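J.: If you scroll down you'll find the structure; I have some questions about it.
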Amino acid sequence: MGKLLFFFIIGTIGMTLRFFIMGELEWNQVFILLLFPIGALVVWFIHRWMVRRDVNYLPSNTDETWNTHMGERYSTSPKQLYKGKEKVAVYRRFYQHRWQHIVNEVVEGDGNWYMNLSFKLVAGEKVEFVEERSSLFKNNTDWIIMRDGVSVGKVKTEFSIKNAAKLKEALTVEIDDKVIYYQSFGIGSATDVLIDGHVVAKGKRSEVLRSKYHFELVDDGYAKHEEVLVMGFILFNYVHKQ
């Protein structure tokens, strides 16, 4: 939506200058220009529909694993996180500055710039993944994990030529003296969560092109890390759009 409005503004400026300099308008170009705000309005309605689905999500009677609905990923609207049918947390994306949201929609396109997530657990705890960016054009992105305002860990994406050749997407979480590795092989593939080379959890989209996600622990020995594991899975899907 932001990009369409941006093109409309630039086009309007260009056509206005053409009119004052050359004294003429190309009406077919005017018609094309008007399609941009119309398109932006259509995108806005779709966006609001996706936001409502995320905000109002309730698990079905058959849900037994961790589950959530991630449809819209640009805004700061809340999303629900459940374990089975029990609500565990509300999470949302946040921007450290208002202008970052505008830049993200207009310029970046994929929505990965200024990627911060905040989880408010029903139990009262607050966990945030706060981005640390050393360069605007740096591929690898790092986050600090904050628990109730205290730094407890860090996250790093794993962009590499080797991973790209294998179509593999990866992310690493370091917390509580554990290194947690997330990997997947493209849209629709399951995400494996590994600790010490051993798969401890799995998550995936319920169906290709759907916005509902499931996550489950497959090694009960890591039950105390379960909340952190699922939070990392959600961040992974924001970054890699599984």
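Naming scheme: A, B, ... for chains in displayed order of the structure tokens; residues 1 onward per chain; ligands 1 onward as shown.
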Applying 6 Å and only C-alpha atoms, which residues near A:His69 remain after dropping the ones on its own chain fewer than 6 positions away? List them as a list in words.

T.: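 Surrounding residues, per the criterion: Asp54, Ser211 and Lys212 of chain A.
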
J.: Which residues are near A:Val200? Cut-off 10 Å, only C-alpha atoms, ignore same chain within fewer than 5 positions. Put them as a list in words.

T.: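 Residues meeting the cut-off are Ile180, Asp192, Val193, Leu194, Ile195, Glu216, Leu217, Val218, Asp219, Asp220, Gly221, Tyr222, Ala223, Glu226 and Leu229 of chain A.
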
J.: For those residues, write N, CA and C atoms to a file as a compact mmCIF listing (two decimals), in the first residue's frame.

T.:
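Output file selection-v6.txt is given in full below:
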# COMPACT_ATOMS: atom_id res chain seq x y z
N ILE A 180 20.57 -22.63 19.89
CA ILE A 180 19.41 -23.21 19.23
C ILE A 180 19.45 -22.85 17.75
N ASP A 192 12.98 -27.23 11.26
CA ASP A 192 13.58 -28.06 12.30
C ASP A 192 14.31 -27.17 13.30
N VAL A 193 14.18 -27.50 14.58
CA VAL A 193 14.86 -26.78 15.64
C VAL A 193 15.85 -27.74 16.28
N LEU A 194 17.13 -27.39 16.23
CA LEU A 194 18.18 -28.30 16.68
C LEU A 194 18.97 -27.70 17.83
N ILE A 195 19.34 -28.56 18.78
CA ILE A 195 20.28 -28.21 19.85
C ILE A 195 21.32 -29.32 19.89
N GLU A 216 5.64 -27.90 17.71
CA GLU A 216 5.60 -28.90 18.78
C GLU A 216 6.99 -29.34 19.19
N LEU A 217 7.12 -29.61 20.48
CA LEU A 217 8.35 -30.15 21.04
C LEU A 217 8.39 -31.64 20.78
N VAL A 218 9.52 -32.15 20.29
CA VAL A 218 9.63 -33.59 20.04
C VAL A 218 10.60 -34.26 21.01
N ASP A 219 11.24 -33.46 21.86
CA ASP A 219 12.14 -33.99 22.89
C ASP A 219 11.76 -33.35 24.22
N ASP A 220 11.12 -34.11 25.09
CA ASP A 220 10.63 -33.57 26.36
C ASP A 220 11.74 -33.10 27.28
N GLY A 221 12.97 -33.47 26.99
CA GLY A 221 14.09 -33.03 27.81
C GLY A 221 14.33 -31.52 27.73
N TYR A 222 13.71 -30.85 26.76
CA TYR A 222 13.89 -29.41 26.59
C TYR A 222 12.59 -28.66 26.87
N ALA A 223 11.74 -29.23 27.70
CA ALA A 223 10.45 -28.63 28.01
C ALA A 223 10.59 -27.25 28.64
N GLU A 226 10.73 -24.49 26.10
CA GLU A 226 9.69 -24.56 25.08
C GLU A 226 9.21 -23.18 24.64
N LEU A 229 11.76 -21.55 22.46
CA LEU A 229 11.82 -22.24 21.17
C LEU A 229 10.72 -21.76 20.23

J.: For A:Phe236, list every protein, DNA or RNA residue within 9 Å, evaluated using only C-alpha atoms, and leave out those in the same chain fewer than 3 positions away; present the list as a ChimeraX atom specification.

T.: /A:157,169-171,182-183,191,231-233,239-242

J.: Please produce a file of those selected residues containing N, CA, C and O atoms, as a short mmCIF file (atom, residue, chain, number, x, y, z; two decimals), in the first residue's frame.

T.:
data_model
loop_
_atom_site.label_atom_id
_atom_site.label_comp_id
_atom_site.auth_asym_id
_atom_site.auth_seq_id
_atom_site.Cartn_x
_atom_site.Cartn_y
_atom_site.Cartn_z
N THR A 157 20.77 -14.15 12.17
CA THR A 157 20.37 -14.85 10.95
C THR A 157 21.60 -15.48 10.32
O THR A 157 22.73 -15.06 10.55
N GLU A 169 17.23 -21.87 4.73
CA GLU A 169 17.10 -20.66 5.52
C GLU A 169 17.39 -21.02 6.96
O GLU A 169 16.93 -22.06 7.45
N ALA A 170 18.15 -20.17 7.66
CA ALA A 170 18.60 -20.55 9.00
C ALA A 170 18.67 -19.35 9.93
O ALA A 170 18.79 -18.20 9.50
N LEU A 171 18.60 -19.65 11.22
CA LEU A 171 18.67 -18.63 12.25
C LEU A 171 19.18 -19.30 13.53
O LEU A 171 18.84 -20.46 13.81
N TYR A 182 17.74 -22.99 13.96
CA TYR A 182 16.51 -23.16 13.18
C TYR A 182 16.88 -23.28 11.70
O TYR A 182 17.67 -22.48 11.19
N GLN A 183 16.30 -24.25 11.02
CA GLN A 183 16.59 -24.40 9.59
C GLN A 183 15.35 -24.89 8.84
O GLN A 183 14.53 -25.63 9.37
N THR A 191 10.09 -26.48 9.61
CA THR A 191 11.25 -25.86 10.24
C THR A 191 11.73 -26.78 11.35
O THR A 191 10.98 -27.12 12.27
N MET A 231 9.04 -18.90 20.42
CA MET A 231 9.26 -17.49 20.09
C MET A 231 10.29 -17.35 18.96
O MET A 231 10.12 -16.55 18.04
N GLY A 232 11.34 -18.15 19.04
CA GLY A 232 12.34 -18.13 17.98
C GLY A 232 11.75 -18.60 16.66
O GLY A 232 12.10 -18.08 15.59
N PHE A 233 10.85 -19.57 16.71
CA PHE A 233 10.16 -20.05 15.51
C PHE A 233 9.33 -18.93 14.87
O PHE A 233 9.31 -18.78 13.64
N VAL A 239 11.16 -13.40 9.55
CA VAL A 239 12.36 -13.09 8.76
C VAL A 239 12.35 -13.83 7.43
O VAL A 239 12.61 -13.24 6.37
N HIS A 240 12.04 -15.11 7.44
CA HIS A 240 12.14 -15.93 6.24
C HIS A 240 10.80 -16.20 5.55
O HIS A 240 10.76 -16.81 4.48
N LYS A 241 9.68 -15.80 6.17
CA LYS A 241 8.37 -15.89 5.54
C LYS A 241 8.03 -17.31 5.09
O LYS A 241 7.68 -17.54 3.94
N GLN A 242 8.16 -18.25 5.97
CA GLN A 242 7.81 -19.62 5.67
C GLN A 242 6.30 -19.76 5.48
O GLN A 242 5.53 -19.05 6.09
#

J.: What's the 9 Å shell around A:Tyr74, counting only C-alpha atoms, without same-chain residues fewer than 3 positions away, as a CSV table (one decimal) with N, CA, C and O atoms, in the first residue's frame?

T.:
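After the write, out.csv holds the following:
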chain,number,residue,atom,x,y,z
A,77,SER,N,-0.1,-4.6,14.9
A,77,SER,CA,-1.3,-5.2,15.4
A,77,SER,C,-0.9,-6.5,16.2
A,77,SER,O,0.0,-7.2,15.8
A,93,ARG,N,4.8,-7.0,16.4
A,93,ARG,CA,5.9,-6.4,15.8
A,93,ARG,C,6.0,-4.9,16.3
A,93,ARG,O,4.9,-4.3,16.5
A,101,HIS,N,8.6,2.4,10.0
A,101,HIS,CA,7.4,1.7,9.5
A,101,HIS,C,7.2,2.1,8.0
A,101,HIS,O,6.9,1.3,7.1
A,104,ASN,N,9.9,0.9,5.7
A,104,ASN,CA,9.8,-0.6,5.5
A,104,ASN,C,8.7,-0.9,4.5
A,104,ASN,O,8.9,-1.8,3.6
A,105,GLU,N,7.6,-0.2,4.5
A,105,GLU,CA,6.5,-0.4,3.5
A,105,GLU,C,6.9,0.1,2.1
A,105,GLU,O,6.6,-0.5,1.1
A,111,GLY,N,9.8,-6.4,4.1
A,111,GLY,CA,9.3,-6.3,5.4
A,111,GLY,C,10.3,-6.7,6.5
A,111,GLY,O,9.9,-6.8,7.7
A,112,ASN,N,11.6,-6.9,6.1
A,112,ASN,CA,12.5,-7.4,7.1
A,112,ASN,C,13.3,-6.2,7.8
A,112,ASN,O,13.9,-6.5,8.8

J.: Which polymer residues have any atom within 6 Å of an atom of A:Val130, counting only C-alpha atoms, with same-chain residues fewer than 5 positions away left out, as a list in words?

T.: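 Surrounding residues, per the criterion: Asn116, Trp143 and Ile144 of chain A.
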
J.: Return the single residue from A:Leu121, A:Gly186, A:Gln96, A:Val228 that is closest to A:Gly153, with distances computed using only C-alpha atoms.

T.: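 Nearest to A:Gly153: A:Val228.
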
J.: For A:Phe94, work out the shell of residues within 8 Å, counting only C-alpha atoms and skipping chain neighbours fewer than 5 positions away, then give it as a list in words.

T.: Ser75, Thr76, Met115, Asn116, Leu117 and Ser118 of chain A

J.: Would you save the residues of that selection, restricted to N, CA and C atoms, as a short mmCIF file (atom, residue, chain, number, x, y, z; two decimals), in the first residue's frame?

T.:
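As written to disk, out.cif reads:
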data_model
loop_
_atom_site.label_atom_id
_atom_site.label_comp_id
_atom_site.auth_asym_id
_atom_site.auth_seq_id
_atom_site.Cartn_x
_atom_site.Cartn_y
_atom_site.Cartn_z
N SER A 75 2.40 -4.41 10.22
CA SER A 75 1.85 -3.51 11.22
C SER A 75 2.24 -3.95 12.63
N THR A 76 1.81 -3.14 13.62
CA THR A 76 2.07 -3.44 15.02
C THR A 76 0.84 -4.07 15.68
N MET A 115 13.09 -5.05 12.18
CA MET A 115 12.29 -6.19 12.62
C MET A 115 12.48 -6.40 14.11
N ASN A 116 11.48 -6.00 14.92
CA ASN A 116 11.49 -6.20 16.35
C ASN A 116 10.19 -6.89 16.75
N LEU A 117 10.27 -7.81 17.72
CA LEU A 117 9.08 -8.51 18.20
C LEU A 117 8.98 -8.41 19.71
N SER A 118 7.75 -8.25 20.20
CA SER A 118 7.50 -8.18 21.64
C SER A 118 6.45 -9.22 22.01
#

J.: If DSSP is run on the backbone, what residues of stretch 133-241 of chain A are strand (DSSP E)? A reply as a PyMOL selection string would be ideal.

T.: chain A and resi 142-147+150-157+169-175+178-184+191-195+198-205+212-217

J.: Between atom CA of A:Ala190 and atom CA of A:Asn67, what is the distance in Å, rounded to a tenth?

T.: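 Between atom CA of A:Ala190 and atom CA of A:Asn67 the gap works out to 14.1 Å.
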